[in-house]
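Asks: The following file, protein.cif, comprises mmCIF, C-alpha atoms:
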data_final
#
loop_
_atom_site.label_atom_id
_atom_site.label_comp_id
_atom_site.auth_asym_id
_atom_site.auth_seq_id
_atom_site.Cartn_x
_atom_site.Cartn_y
_atom_site.Cartn_z
CA MET A 30 83.41 150.80 108.72
CA MET A 31 80.64 148.23 109.05
CA LYS A 32 80.69 146.25 112.29
CA VAL A 33 79.23 142.74 112.45
CA ILE A 34 78.84 140.54 115.52
CA LEU A 35 78.98 136.82 114.79
CA ALA A 36 77.10 135.03 117.58
CA THR A 37 77.67 131.28 117.77
CA PRO A 38 77.20 128.47 120.31
CA ASN A 39 80.25 126.99 122.07
CA PHE A 40 82.78 129.20 120.31
CA HIS A 41 85.62 128.17 122.62
CA GLN A 42 85.30 124.50 121.68
CA PRO A 43 86.90 123.29 118.42
CA ARG A 44 83.63 122.28 116.75
CA GLY A 45 82.67 122.60 113.11
CA ASN A 46 80.63 125.75 113.80
CA THR A 47 83.62 127.39 115.51
CA ILE A 48 85.83 126.73 112.49
CA THR A 49 83.11 128.03 110.14
CA VAL A 50 82.53 131.24 112.09
CA GLN A 51 86.24 132.01 112.49
CA ARG A 52 86.80 131.48 108.76
CA MET A 53 83.87 133.79 107.93
CA ALA A 54 85.21 136.45 110.29
CA ASP A 55 88.68 136.25 108.72
CA GLY A 56 87.21 136.55 105.23
CA LEU A 57 85.02 139.52 106.19
CA GLU A 58 87.97 141.29 107.88
CA GLN A 59 89.88 141.02 104.59
CA LEU A 60 86.98 142.87 102.93
CA GLY A 61 87.22 145.71 105.46
CA VAL A 62 84.45 144.60 107.85
CA ASN A 63 85.04 144.95 111.59
CA THR A 64 83.98 141.64 113.18
CA GLU A 65 83.51 140.43 116.74
CA ILE A 66 82.74 136.81 117.66
CA ILE A 67 80.75 136.04 120.79
CA SER A 68 79.78 132.68 122.26
CA ILE A 69 76.03 132.63 122.91
CA THR A 70 76.32 129.66 125.25
CA ASP A 71 78.90 131.41 127.47
CA ASN A 72 77.35 134.90 127.41
CA LYS A 73 73.87 134.60 128.82
CA GLY A 74 73.72 137.86 130.78
CA SER A 75 70.72 140.07 130.16
CA GLU A 76 72.89 143.20 130.49
CA MET A 77 74.85 142.37 127.32
CA GLN A 78 74.46 144.96 124.58
CA LEU A 79 75.25 143.96 121.03
CA GLN A 80 76.78 147.12 119.58
CA ALA A 81 77.00 146.48 115.86
CA ASP A 82 75.43 147.40 112.52
CA ILE A 83 74.19 143.84 112.17
CA VAL A 84 74.19 140.69 114.28
CA HIS A 85 74.71 137.34 112.56
CA GLY A 86 73.47 134.41 114.64
CA PHE A 87 74.34 130.75 114.10
CA ASN A 88 71.90 127.93 114.97
CA ALA A 89 68.37 129.36 114.87
CA TYR A 90 67.23 127.62 118.06
CA ARG A 91 70.26 128.41 120.23
CA PHE A 92 70.40 131.98 118.92
CA TYR A 93 66.71 132.54 119.69
CA ILE A 94 67.18 131.34 123.29
CA PHE A 95 70.15 133.72 123.63
CA LEU A 96 68.06 136.64 122.32
CA GLN A 97 65.35 135.97 124.92
CA ASN A 98 67.89 136.54 127.71
CA LEU A 99 68.84 140.00 126.43
CA LYS A 100 67.21 143.13 127.86
CA ILE A 101 67.97 145.03 124.65
CA LYS A 102 67.56 142.92 121.53
CA PRO A 103 69.31 143.77 118.25
CA LYS A 104 67.13 145.53 115.67
CA ASP A 105 68.67 143.76 112.71
CA TYR A 106 69.90 140.20 112.64
CA ILE A 107 70.42 137.44 110.14
CA VAL A 108 70.66 133.78 111.03
CA THR A 109 72.56 130.78 109.64
CA LEU A 110 71.03 127.33 110.05
CA THR A 111 73.89 125.02 110.98
CA GLY A 112 72.45 121.49 110.99
CA THR A 113 70.88 120.47 114.30
CA ASP A 114 68.45 123.39 114.17
CA LEU A 115 67.28 122.40 110.68
CA ASN A 116 67.36 118.61 111.07
CA TYR A 117 66.05 118.36 114.64
CA ASN A 118 64.82 121.58 116.31
CA LEU A 119 62.60 122.59 113.38
CA PHE A 120 60.72 119.27 113.66
CA ASP A 121 60.67 118.83 117.44
CA ASN A 122 57.43 119.93 119.12
CA ASP A 123 59.29 121.44 122.08
CA THR A 124 61.56 123.68 120.00
CA ARG A 125 59.78 124.25 116.67
CA SER A 126 57.97 127.46 117.67
CA ASP A 127 61.23 129.06 118.85
CA VAL A 128 62.92 128.25 115.54
CA LEU A 129 59.95 129.59 113.57
CA THR A 130 59.89 132.85 115.55
CA CYS A 131 63.63 133.30 115.07
CA LEU A 132 63.27 132.79 111.32
CA SER A 133 60.26 135.09 110.97
CA GLU A 134 62.01 137.95 112.80
CA ALA A 135 65.32 137.54 110.95
CA LYS A 136 66.06 140.01 108.14
CA ALA A 137 67.77 137.25 106.16
CA ILE A 138 68.33 133.50 106.50
CA HIS A 139 71.43 131.65 105.30
CA VAL A 140 71.78 127.94 104.56
CA PHE A 141 74.76 126.02 103.18
CA ASN A 142 73.13 123.97 100.40
CA GLU A 143 70.08 123.71 98.15
CA GLU A 144 68.71 120.65 99.97
CA ALA A 145 68.62 122.62 103.22
CA LYS A 146 66.92 125.52 101.46
CA GLU A 147 64.26 123.21 99.97
CA THR A 148 63.59 121.56 103.35
CA LEU A 149 63.29 124.94 105.06
CA ILE A 150 60.99 126.54 102.47
CA LYS A 151 58.77 123.44 102.42
CA GLU A 152 58.28 123.83 106.18
CA VAL A 153 58.16 127.65 106.25
CA PRO A 154 57.16 128.89 102.76
CA GLU A 155 56.69 132.50 103.85
CA ILE A 156 60.46 132.99 104.34
CA LYS A 157 61.37 132.02 100.76
CA ASP A 158 62.25 135.54 99.59
CA LYS A 159 64.74 136.17 102.39
CA THR A 160 66.48 132.77 102.36
CA PHE A 161 69.88 132.55 100.68
CA MET A 162 72.14 129.61 99.89
CA ILE A 163 75.88 130.26 100.24
CA PRO A 164 78.16 127.20 100.13
CA GLN A 165 80.70 126.91 102.92
CA GLY A 166 84.22 128.08 102.21
CA THR A 167 87.26 126.06 103.20
CA SER A 168 90.31 126.77 105.34
CA GLU A 169 93.87 126.50 104.07
CA PHE A 170 96.60 124.81 106.09
CA SER A 171 100.35 124.83 106.26
CA VAL A 172 102.17 121.71 107.44
CA SER A 173 105.12 122.21 109.75
CA GLY A 174 106.97 120.14 112.32
CA ASP A 175 106.57 116.50 113.26
CA ASP A 176 103.50 116.78 115.48
CA PHE A 177 102.25 113.32 114.62
CA GLN A 178 103.84 110.06 113.57
CA LYS A 179 102.24 107.53 111.26
CA GLU A 180 103.40 103.94 111.42
CA PRO A 181 105.32 102.91 108.27
CA ASN A 182 103.46 100.81 105.69
CA THR A 183 100.04 101.47 107.21
CA PHE A 184 96.85 102.81 105.62
CA LEU A 185 95.45 105.56 107.84
CA TYR A 186 91.75 106.39 108.17
CA VAL A 187 90.95 109.56 110.13
CA LEU A 188 87.58 110.54 111.62
CA PRO A 189 87.49 114.21 112.73
CA ALA A 190 84.41 114.93 114.86
CA GLY A 191 83.36 116.07 118.29
CA VAL A 192 82.40 113.00 120.28
CA ARG A 193 78.60 113.02 120.55
CA GLN A 194 75.91 110.55 119.69
CA VAL A 195 74.85 112.13 116.39
CA LYS A 196 78.39 111.66 115.02
CA ASN A 197 78.02 107.85 115.31
CA ILE A 198 81.74 107.35 116.00
CA PRO A 199 81.45 103.82 117.49
CA SER A 200 80.21 102.59 114.11
CA ALA A 201 83.50 103.59 112.47
CA ILE A 202 85.47 101.44 114.91
CA GLN A 203 83.04 98.53 114.66
CA MET A 204 82.96 98.55 110.84
CA LEU A 205 86.69 99.05 110.38
CA LYS A 206 87.39 96.26 112.87
CA LYS A 207 86.03 93.81 110.27
CA LEU A 208 88.37 95.31 107.68
CA HIS A 209 91.30 95.23 110.11
CA GLU A 210 90.87 91.48 110.55
CA LYS A 211 91.42 91.12 106.80
CA HIS A 212 93.98 93.93 106.42
CA PRO A 213 95.98 94.26 109.67
CA HIS A 214 97.93 97.25 108.32
CA ILE A 215 94.97 99.66 108.56
CA ARG A 216 94.88 102.28 111.33
CA LEU A 217 92.20 104.66 112.60
CA TRP A 218 92.74 108.03 114.28
CA LEU A 219 89.85 109.82 116.01
CA VAL A 220 90.21 113.59 116.37
CA GLY A 221 87.88 115.86 118.35
CA PRO A 222 86.76 116.89 121.83
CA VAL A 223 84.36 114.86 123.99
CA LEU A 224 81.10 116.84 123.89
CA GLU A 225 78.86 114.22 125.54
CA GLU A 226 80.38 112.37 128.49
CA GLU A 227 78.38 109.16 128.10
CA GLU A 228 79.25 108.87 124.41
CA GLY A 229 82.85 109.78 125.22
CA GLN A 230 83.10 106.80 127.59
CA ILE A 231 81.66 104.43 124.97
CA VAL A 232 84.22 105.64 122.41
CA LYS A 233 87.14 105.49 124.85
CA ASP A 234 86.22 101.93 125.86
CA LEU A 235 86.14 100.90 122.19
CA VAL A 236 89.52 102.57 121.60
CA SER A 237 90.98 100.66 124.57
CA GLU A 238 89.65 97.36 123.21
CA ASN A 239 91.27 98.07 119.84
CA GLU A 240 94.35 100.00 120.95
CA GLU A 241 96.71 98.14 118.62
CA TRP A 242 95.14 99.90 115.59
CA VAL A 243 92.84 102.71 116.90
CA GLU A 244 94.09 105.93 118.50
CA TYR A 245 92.12 108.81 120.00
CA LEU A 246 94.11 112.04 119.51
CA GLY A 247 91.57 114.11 121.44
CA GLN A 248 90.99 117.80 120.91
CA LEU A 249 93.47 119.50 118.56
CA PRO A 250 93.83 123.17 117.64
CA HIS A 251 92.40 123.65 114.17
CA GLU A 252 95.76 124.75 112.74
CA LYS A 253 97.17 121.29 113.58
CA MET A 254 94.70 119.59 111.24
CA GLY A 255 96.95 120.28 108.26
CA ALA A 256 99.51 117.89 109.74
CA VAL A 257 96.79 115.25 110.25
CA TYR A 258 95.51 115.59 106.68
CA HIS A 259 99.11 115.35 105.45
CA LEU A 260 99.44 111.87 106.99
CA ALA A 261 95.90 110.59 106.37
CA ASP A 262 94.99 108.28 103.49
CA CYS A 263 91.20 108.62 103.82
CA ILE A 264 88.84 110.84 105.86
CA LEU A 265 85.62 109.44 107.32
CA ASN A 266 82.27 110.92 108.33
CA THR A 267 79.77 108.54 109.97
CA SER A 268 77.21 111.10 111.21
CA HIS A 269 73.51 110.28 111.43
CA SER A 270 72.83 113.88 110.32
CA GLU A 271 75.09 116.70 109.26
CA GLY A 272 74.83 120.35 108.27
CA GLN A 273 77.89 120.57 106.08
CA SER A 274 81.08 119.12 107.52
CA SER A 275 84.03 121.54 107.56
CA ALA A 276 86.39 118.58 107.94
CA ILE A 277 85.05 116.84 104.81
CA LEU A 278 85.34 120.05 102.79
CA GLU A 279 88.88 120.58 104.07
CA ALA A 280 89.88 116.99 103.30
CA MET A 281 88.50 117.24 99.76
CA GLY A 282 90.34 120.52 99.26
CA TYR A 283 93.47 118.77 100.46
CA GLY A 284 92.94 116.07 97.83
CA LEU A 285 92.04 113.25 100.21
CA PRO A 286 89.44 110.58 99.39
CA VAL A 287 86.44 110.80 101.72
CA LEU A 288 84.07 108.03 102.78
CA VAL A 289 80.88 109.47 104.25
CA SER A 290 77.47 108.35 105.51
CA SER A 291 74.40 109.02 103.42
CA ASN A 292 72.93 112.09 105.11
CA GLU A 293 71.72 115.27 103.40
CA GLY A 294 74.71 117.39 104.42
CA ASN A 295 77.24 114.87 103.12
CA LYS A 296 75.29 114.25 99.92
CA SER A 297 75.25 117.98 99.22
CA ILE A 298 79.05 118.12 98.91
CA VAL A 299 80.20 114.61 97.91
CA SER A 300 79.48 113.19 94.45
CA HIS A 301 79.52 109.39 94.80
CA THR A 302 82.53 107.74 93.08
CA ARG A 303 83.57 111.09 91.58
CA THR A 304 84.70 113.22 94.53
CA GLY A 305 84.32 110.59 97.26
CA PHE A 306 82.19 107.67 98.42
CA ILE A 307 78.77 107.71 100.11
CA TYR A 308 77.73 104.58 102.01
CA ARG A 309 74.32 103.47 103.32
CA ASP A 310 75.18 100.35 105.27
CA THR A 311 78.10 98.35 106.65
CA ASN A 312 78.57 96.26 103.50
CA GLN A 313 78.85 99.37 101.34
CA PHE A 314 81.23 100.99 103.83
CA LEU A 315 83.54 97.96 103.77
CA ASP A 316 83.38 97.68 99.98
CA TYR A 317 84.22 101.36 99.42
CA ALA A 318 86.90 101.39 102.14
CA GLU A 319 88.61 98.47 100.43
CA GLN A 320 88.34 100.13 96.99
CA ILE A 321 89.99 103.27 98.37
CA MET A 322 92.80 101.17 99.88
CA ASN A 323 93.50 98.98 96.87
CA ASN A 324 92.85 101.12 93.79
CA ILE A 325 95.56 103.79 93.50
CA LYS A 326 94.25 105.03 90.13
CA LEU A 327 90.73 105.51 91.55
CA ARG A 328 92.16 107.29 94.60
CA GLN A 329 94.08 109.72 92.40
CA SER A 330 91.06 110.42 90.21
CA ILE A 331 88.88 111.17 93.25
CA SER A 332 91.63 113.34 94.72
CA ASP A 333 91.91 115.45 91.55
CA ASN A 334 88.13 115.80 91.14
CA ALA A 335 87.63 116.74 94.80
CA LYS A 336 90.30 119.45 94.69
CA GLN A 337 88.79 120.95 91.53
CA TYR A 338 85.28 120.86 93.00
CA ILE A 339 86.33 122.63 96.22
CA ALA A 340 88.32 125.30 94.37
CA LYS A 341 85.32 126.03 92.15
CA HIS A 342 82.43 125.83 94.61
CA HIS A 343 83.75 126.42 98.13
CA SER A 344 86.00 129.47 97.96
CA SER A 345 86.27 131.27 101.31
CA THR A 346 86.68 134.56 99.39
CA HIS A 347 83.36 134.09 97.58
CA GLU A 348 81.71 133.09 100.85
CA ALA A 349 82.75 136.36 102.51
CA GLU A 350 81.74 138.44 99.48
CA TYR A 351 78.26 136.86 99.38
CA LEU A 352 77.80 137.44 103.11
CA LEU A 353 78.82 141.08 102.80
CA ASN A 354 76.26 141.54 100.00
CA ILE A 355 73.52 140.17 102.28
CA TYR A 356 74.58 142.47 105.15
CA GLN A 357 74.53 145.49 102.82
CA ASP A 358 71.11 144.56 101.43
CA VAL A 359 69.69 144.25 104.95
CA LEU A 360 71.12 147.61 106.01
CA ASN A 361 69.90 149.28 102.81
CA GLN A 362 66.36 148.11 103.59
CA LYS A 363 66.45 150.35 106.65
#
Please re-express this file's structure in C-alpha cells.
Replies:
Amino acid sequence: MMKVILATPNFHQPRGNTITVQRMADGLEQLGVNTEIISITDNKGSEMQLQADIVHGFNAYRFYIFLQNLKIKPKDYIVTLTGTDLNYNLFDNDTRSDVLTCLSEAKAIHVFNEEAKETLIKEVPEIKDKTFMIPQGTSEFSVSGDDFQKEPNTFLYVLPAGVRQVKNIPSAIQMLKKLHEKHPHIRLWLVGPVLEEEEGQIVKDLVSENEEWVEYLGQLPHEKMGAVYHLADCILNTSHSEGQSSAILEAMGYGLPVLVSSNEGNKSIVSHTRTGFIYRDTNQFLDYAEQIMNNIKLRQSISDNAKQYIAKHHSSTHEAEYLLNIYQDVLNQK
C-alpha cells in the first residue's frame, strides 16, 4: 500500500488549508492510500524522519523552511501552492529564493486554478512541465441539532475566515453597517479563529460597537459549518488575496449565493452574476448585497447554477484521483 505524508502549516487550527488537507486525506484513503497528516509549524525537530513513499507539502515557503530543519530530507516530495506563498512569498525579496528552491527540487507542483498556474509559470518558466492544476474538491455536510439560532425575519450574511489582516474582515462590518441603516433586519455572523491578535482586537471592538446586528461565533469545528450554511442567506469573502476559499466552494455547493472581493482566487471559482457576485468597491458591494436580499428569482438562479458548477468542477473524488495519478507518476519516474 502506498503511504503519503501530507505536511501542512497549522494543522490543528481550523483554517482553510486544514480543511483542504483533511479532505484530500479522506479522499485518498478511500482510494486505498495510507495517509498521515503532520503539522509543519508544530513539528520542527531535526530528528523527525518522514517515513513514506512520497511527501506532499503545502505552502512552498513554509514547507521549505520545515525541510531545512530536518536532518534527513525526503527524497521525493510534491508541493501545493496554497495562496500566501504564490501571492506574497514568491514576490518578496526575503522569501523568494526559498520558494524557488522548493519548487525546483519538487518532483511535481500543484495549484488550484489556471490563473495560479499562469502566474507561477510566468515567474518560473522552467517548472512548466511538472506543474499541474487540480481544482479543489468540496466537503459534504449533514445538519443536525439546534446548534445555532437565527432571529426570525432576518437576512443573515455569514463571513467564514480566520481573523487576520489579509482577510479584511473589518470592511465587511463597515460596509454592511451602511446597509443595516437602510435595512435593519440584516444580520452578520463572523466565524473563524483569531490568528493575529492585533487584528482580532480590531474585529472584536467593531463587533462590540455593532452588537445589535453583528455576532462573532469564534472558532467552530468544521463539521458544525453545515448548520451555519443551513441558516445563512449569503456567504461573504472580503479577502485582499485568496488561494481558493474552501468556505466559498462549500457555500456554492450548498446552493448559497456568495458575494466576494475581486481577487484572483475568488475570480477563479465565481462567475459574476451567474454563480455569485464579485465586487471591486463599497458601492458595488452594497448594490450586489441589496440585489441578493431583494431578488428571490435571482437568488434561486444563482443557487442552482452554483450547485451545478461545484458538482461538475469541484468533486472531491476527482481531486483524490488526480492526486493519486501524480503520486504514481512521480514514483514511476524513480
Asks: Please expand the PyMOL selection byres ((chain A and resi 36) around 9) into the concrete residues it hits in this file, giving the result as a VMD selection string.
Replies: chain A and resid 34 to 35 37 to 38 40 50 65 to 69 84 to 87 92
Asks: Just say which residues the PyMOL selection byres ((chain A and resi 93) around 10) picks in this file, as a short mmCIF file (atom, residue, chain, number, x, y, z; two decimals) with C-alpha atoms, in the coordinates of the input.
Replies:
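Done, and the output landed in out-v9.cif:
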data_model
loop_
_atom_site.label_atom_id
_atom_site.label_comp_id
_atom_site.auth_asym_id
_atom_site.auth_seq_id
_atom_site.Cartn_x
_atom_site.Cartn_y
_atom_site.Cartn_z
CA ILE A 69 76.03 132.63 122.91
CA GLY A 86 73.47 134.41 114.64
CA PHE A 87 74.34 130.75 114.10
CA ASN A 88 71.90 127.93 114.97
CA ALA A 89 68.37 129.36 114.87
CA TYR A 90 67.23 127.62 118.06
CA ARG A 91 70.26 128.41 120.23
CA PHE A 92 70.40 131.98 118.92
CA ILE A 94 67.18 131.34 123.29
CA PHE A 95 70.15 133.72 123.63
CA LEU A 96 68.06 136.64 122.32
CA GLN A 97 65.35 135.97 124.92
CA ASN A 98 67.89 136.54 127.71
CA VAL A 108 70.66 133.78 111.03
CA ASP A 127 61.23 129.06 118.85
CA VAL A 128 62.92 128.25 115.54
CA LEU A 129 59.95 129.59 113.57
CA THR A 130 59.89 132.85 115.55
CA CYS A 131 63.63 133.30 115.07
CA LEU A 132 63.27 132.79 111.32
CA GLU A 134 62.01 137.95 112.80
#
Asks: For a test of reading the model, state the distance in Å between atom CA of A:Gln80 and atom CA of A:Glu155, rounded to one decimal.
Replies: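 So the two atoms, atom CA of A:Gln80 and atom CA of A:Glu155, lie 29.4 Å apart.
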Asks: Considering all atoms listed in the file, give me a table of residues in stretch 130-203 of chain A that are at most 8 Å from stretch 266-289 of chain A, with the closest atom pair and distance in Å for each, as CSV.
Replies:
residue,atom,partner,partner_atom,distance
A:Phe141,CA,A:Gln273,CA,6.9
A:Gln165,CA,A:Gln273,CA,7.6
A:Thr167,CA,A:Glu279,CA,5.8
A:Ser168,CA,A:Glu279,CA,6.5
A:Glu169,CA,A:Glu279,CA,7.7
A:Leu188,CA,A:Asn266,CA,6.3
A:Pro189,CA,A:Ala276,CA,6.6
A:Ala190,CA,A:Asn266,CA,8.0
A:Val195,CA,A:His269,CA,5.5
A:Lys196,CA,A:Ser268,CA,4.0
A:Asn197,CA,A:Ser268,CA,5.3
A:Ile198,CA,A:Thr267,CA,6.5
A:Ser200,CA,A:Thr267,CA,7.3
A:Ala201,CA,A:Thr267,CA,6.7
Asks: Write the residues of the preceding selection, restricted to C-alpha atoms, as an mmCIF file, keeping the file's coordinate frame.
Replies:
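And here's out.cif as it stands now:
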data_model
loop_
_atom_site.group_PDB
_atom_site.id
_atom_site.type_symbol
_atom_site.label_atom_id
_atom_site.label_comp_id
_atom_site.auth_asym_id
_atom_site.auth_seq_id
_atom_site.Cartn_x
_atom_site.Cartn_y
_atom_site.Cartn_z
ATOM 1 C CA PHE A 141 74.760 126.020 103.180
ATOM 2 C CA GLN A 165 80.700 126.910 102.920
ATOM 3 C CA THR A 167 87.260 126.060 103.200
ATOM 4 C CA SER A 168 90.310 126.770 105.340
ATOM 5 C CA GLU A 169 93.870 126.500 104.070
ATOM 6 C CA LEU A 188 87.580 110.540 111.620
ATOM 7 C CA PRO A 189 87.490 114.210 112.730
ATOM 8 C CA ALA A 190 84.410 114.930 114.860
ATOM 9 C CA VAL A 195 74.850 112.130 116.390
ATOM 10 C CA LYS A 196 78.390 111.660 115.020
ATOM 11 C CA ASN A 197 78.020 107.850 115.310
ATOM 12 C CA ILE A 198 81.740 107.350 116.000
ATOM 13 C CA SER A 200 80.210 102.590 114.110
ATOM 14 C CA ALA A 201 83.500 103.590 112.470
#
Asks: List every protein, DNA or RNA residue that has at least one atom no more than 12 Å from (85.7, 138.9, 96.4) in the file's coordinates, counting all atoms listed in the file, and write the result as a ChimeraX atom specification.
Replies: /A:56-61,344-354
Asks: Kindly give the distance, in Å, that separates atom CA of A:Ile107 and atom CA of A:Asp123, rounded to a single decimal.
Replies: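 Computing it gives 22.9 Å between the two atoms.
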Asks: In terms of the shortest atom-to-atom distance over all atoms listed in the file, which of A:Lys206, A:Lys341, A:Lys159, A:Lys136 is closest to A:Lys104?
Replies: A:Lys136
Asks: Compare A:Arg309, A:Asn361, A:Glu226, A:Glu238 by their minimum atom-to-atom distance to A:Gln194, counting only C-alpha atoms, and give me the closest one.
Replies: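 Of A:Arg309, A:Asn361, A:Glu226, A:Glu238, the one nearest A:Gln194, counting only C-alpha atoms, is A:Glu226.
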Asks: May I ask for the distance between atom CA of A:Ile307 and atom CA of A:Asp234, given in Å to one decimal place?
Replies: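 One can read the atom CA of A:Ile307 to atom CA of A:Asp234 distance as 27.4 Å.
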Asks: Between A:His259, A:Arg52, A:Lys233, A:Lys100, which one has atoms that come closest to A:Gly247, using all atoms listed in the file?
Replies: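 Under the stated criterion, the closest residue is A:Lys233.
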Asks: Between A:Gly294, A:Thr64, A:Ile83, A:Pro213, which residue has the minimum interatomic distance to A:Thr148, considering only C-alpha atoms?
Replies: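 Among A:Gly294, A:Thr64, A:Ile83, A:Pro213, it is A:Gly294 that comes nearest to A:Thr148.
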Asks: Please evaluate the PyMOL selection byres ((chain A and resi 317) around 12) against the displayed coordinates and give the resulting residues as a compact mmCIF listing (two decimals) with C-alpha atoms, in the frame of the given file.
Replies:
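In the end it all went to out17.txt:
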# COMPACT_ATOMS: atom_id res chain seq x y z
CA MET A 204 82.96 98.55 110.84
CA LEU A 205 86.69 99.05 110.38
CA LEU A 208 88.37 95.31 107.68
CA CYS A 263 91.20 108.62 103.82
CA LEU A 265 85.62 109.44 107.32
CA PRO A 286 89.44 110.58 99.39
CA VAL A 287 86.44 110.80 101.72
CA LEU A 288 84.07 108.03 102.78
CA VAL A 289 80.88 109.47 104.25
CA SER A 290 77.47 108.35 105.51
CA HIS A 301 79.52 109.39 94.80
CA THR A 302 82.53 107.74 93.08
CA GLY A 305 84.32 110.59 97.26
CA PHE A 306 82.19 107.67 98.42
CA ILE A 307 78.77 107.71 100.11
CA TYR A 308 77.73 104.58 102.01
CA ARG A 309 74.32 103.47 103.32
CA ASP A 310 75.18 100.35 105.27
CA THR A 311 78.10 98.35 106.65
CA ASN A 312 78.57 96.26 103.50
CA GLN A 313 78.85 99.37 101.34
CA PHE A 314 81.23 100.99 103.83
CA LEU A 315 83.54 97.96 103.77
CA ASP A 316 83.38 97.68 99.98
CA ALA A 318 86.90 101.39 102.14
CA GLU A 319 88.61 98.47 100.43
CA GLN A 320 88.34 100.13 96.99
CA ILE A 321 89.99 103.27 98.37
CA MET A 322 92.80 101.17 99.88
CA ASN A 323 93.50 98.98 96.87
CA ASN A 324 92.85 101.12 93.79
CA LEU A 327 90.73 105.51 91.55
CA ARG A 328 92.16 107.29 94.60
Asks: Using only C-alpha atoms, which of the listed residues (A:Leu224, A:Leu260, A:Leu235, A:Ala335) sits closest to A:Gly191?
Replies: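 Closest to A:Gly191, using only C-alpha atoms: A:Leu224.
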Asks: Determine the nearest neighbour of A:Asn334 from the options A:Asn118, A:Gln357, A:Gln230, A:Val299, counting all atoms listed in the file.
Replies: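 Closest to A:Asn334, using all atoms listed in the file: A:Val299.
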Asks: Excluding A:Met31 and its own-chain neighbours fewer than 3 positions away, which residues fall within 7 Å of it when counting all atoms listed in the file? Please give them as a list in words.
Replies: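 Close residues of A:Met31: Val62, Asn63 and Asp82 of chain A.
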Asks: N, CA and C atoms for stretch 343-360 of chain A, written as a PDB file, in the frame of the given file, could you do that?
Replies:
ATOM      1  N   HIS A 343      83.686 126.150  96.693  1.00  0.00           N
ATOM      2  CA  HIS A 343      83.750 126.420  98.130  1.00  0.00           C
ATOM      3  C   HIS A 343      84.901 127.368  98.483  1.00  0.00           C
ATOM      4  N   SER A 344      84.980 128.447  97.718  1.00  0.00           N
ATOM      5  CA  SER A 344      86.000 129.470  97.960  1.00  0.00           C
ATOM      6  C   SER A 344      85.624 130.305  99.183  1.00  0.00           C
ATOM      7  N   SER A 345      86.545 130.456 100.119  1.00  0.00           N
ATOM      8  CA  SER A 345      86.270 131.270 101.310  1.00  0.00           C
ATOM      9  C   SER A 345      86.135 132.751 100.940  1.00  0.00           C
ATOM     10  N   THR A 346      86.803 133.166  99.858  1.00  0.00           N
ATOM     11  CA  THR A 346      86.680 134.560  99.390  1.00  0.00           C
ATOM     12  C   THR A 346      85.268 134.833  98.903  1.00  0.00           C
ATOM     13  N   HIS A 347      84.733 133.922  98.073  1.00  0.00           N
ATOM     14  CA  HIS A 347      83.360 134.090  97.580  1.00  0.00           C
ATOM     15  C   HIS A 347      82.358 134.064  98.727  1.00  0.00           C
ATOM     16  N   GLU A 348      82.590 133.192  99.689  1.00  0.00           N
ATOM     17  CA  GLU A 348      81.710 133.090 100.850  1.00  0.00           C
ATOM     18  C   GLU A 348      81.595 134.440 101.553  1.00  0.00           C
ATOM     19  N   ALA A 349      82.739 135.065 101.813  1.00  0.00           N
ATOM     20  CA  ALA A 349      82.750 136.360 102.510  1.00  0.00           C
ATOM     21  C   ALA A 349      82.092 137.442 101.668  1.00  0.00           C
ATOM     22  N   GLU A 350      82.337 137.424 100.360  1.00  0.00           N
ATOM     23  CA  GLU A 350      81.740 138.440  99.480  1.00  0.00           C
ATOM     24  C   GLU A 350      80.218 138.308  99.449  1.00  0.00           C
ATOM     25  N   TYR A 351      79.713 137.079  99.372  1.00  0.00           N
ATOM     26  CA  TYR A 351      78.260 136.860  99.380  1.00  0.00           C
ATOM     27  C   TYR A 351      77.639 137.329 100.692  1.00  0.00           C
ATOM     28  N   LEU A 352      78.311 137.010 101.802  1.00  0.00           N
ATOM     29  CA  LEU A 352      77.800 137.440 103.110  1.00  0.00           C
ATOM     30  C   LEU A 352      77.737 138.963 103.201  1.00  0.00           C
ATOM     31  N   LEU A 353      78.786 139.617 102.745  1.00  0.00           N
ATOM     32  CA  LEU A 353      78.820 141.080 102.800  1.00  0.00           C
ATOM     33  C   LEU A 353      77.673 141.668 101.968  1.00  0.00           C
ATOM     34  N   ASN A 354      77.383 141.072 100.823  1.00  0.00           N
ATOM     35  CA  ASN A 354      76.260 141.540 100.000  1.00  0.00           C
ATOM     36  C   ASN A 354      74.939 141.441 100.765  1.00  0.00           C
ATOM     37  N   ILE A 355      74.747 140.335 101.498  1.00  0.00           N
ATOM     38  CA  ILE A 355      73.520 140.170 102.280  1.00  0.00           C
ATOM     39  C   ILE A 355      73.448 141.234 103.374  1.00  0.00           C
ATOM     40  N   TYR A 356      74.563 141.440 104.101  1.00  0.00           N
ATOM     41  CA  TYR A 356      74.580 142.470 105.150  1.00  0.00           C
ATOM     42  C   TYR A 356      74.198 143.834 104.570  1.00  0.00           C
ATOM     43  N   GLN A 357      74.798 144.173 103.421  1.00  0.00           N
ATOM     44  CA  GLN A 357      74.530 145.490 102.820  1.00  0.00           C
ATOM     45  C   GLN A 357      73.080 145.610 102.395  1.00  0.00           C
ATOM     46  N   ASP A 358      72.515 144.530 101.846  1.00  0.00           N
ATOM     47  CA  ASP A 358      71.110 144.560 101.430  1.00  0.00           C
ATOM     48  C   ASP A 358      70.198 144.779 102.633  1.00  0.00           C
ATOM     49  N   VAL A 359      70.498 144.107 103.740  1.00  0.00           N
ATOM     50  CA  VAL A 359      69.690 144.250 104.950  1.00  0.00           C
ATOM     51  C   VAL A 359      69.764 145.680 105.474  1.00  0.00           C
ATOM     52  N   LEU A 360      70.946 146.239 105.506  1.00  0.00           N
ATOM     53  CA  LEU A 360      71.120 147.610 106.010  1.00  0.00           C
ATOM     54  C   LEU A 360      70.495 148.626 105.083  1.00  0.00           C
TER      55      LEU A 360
END
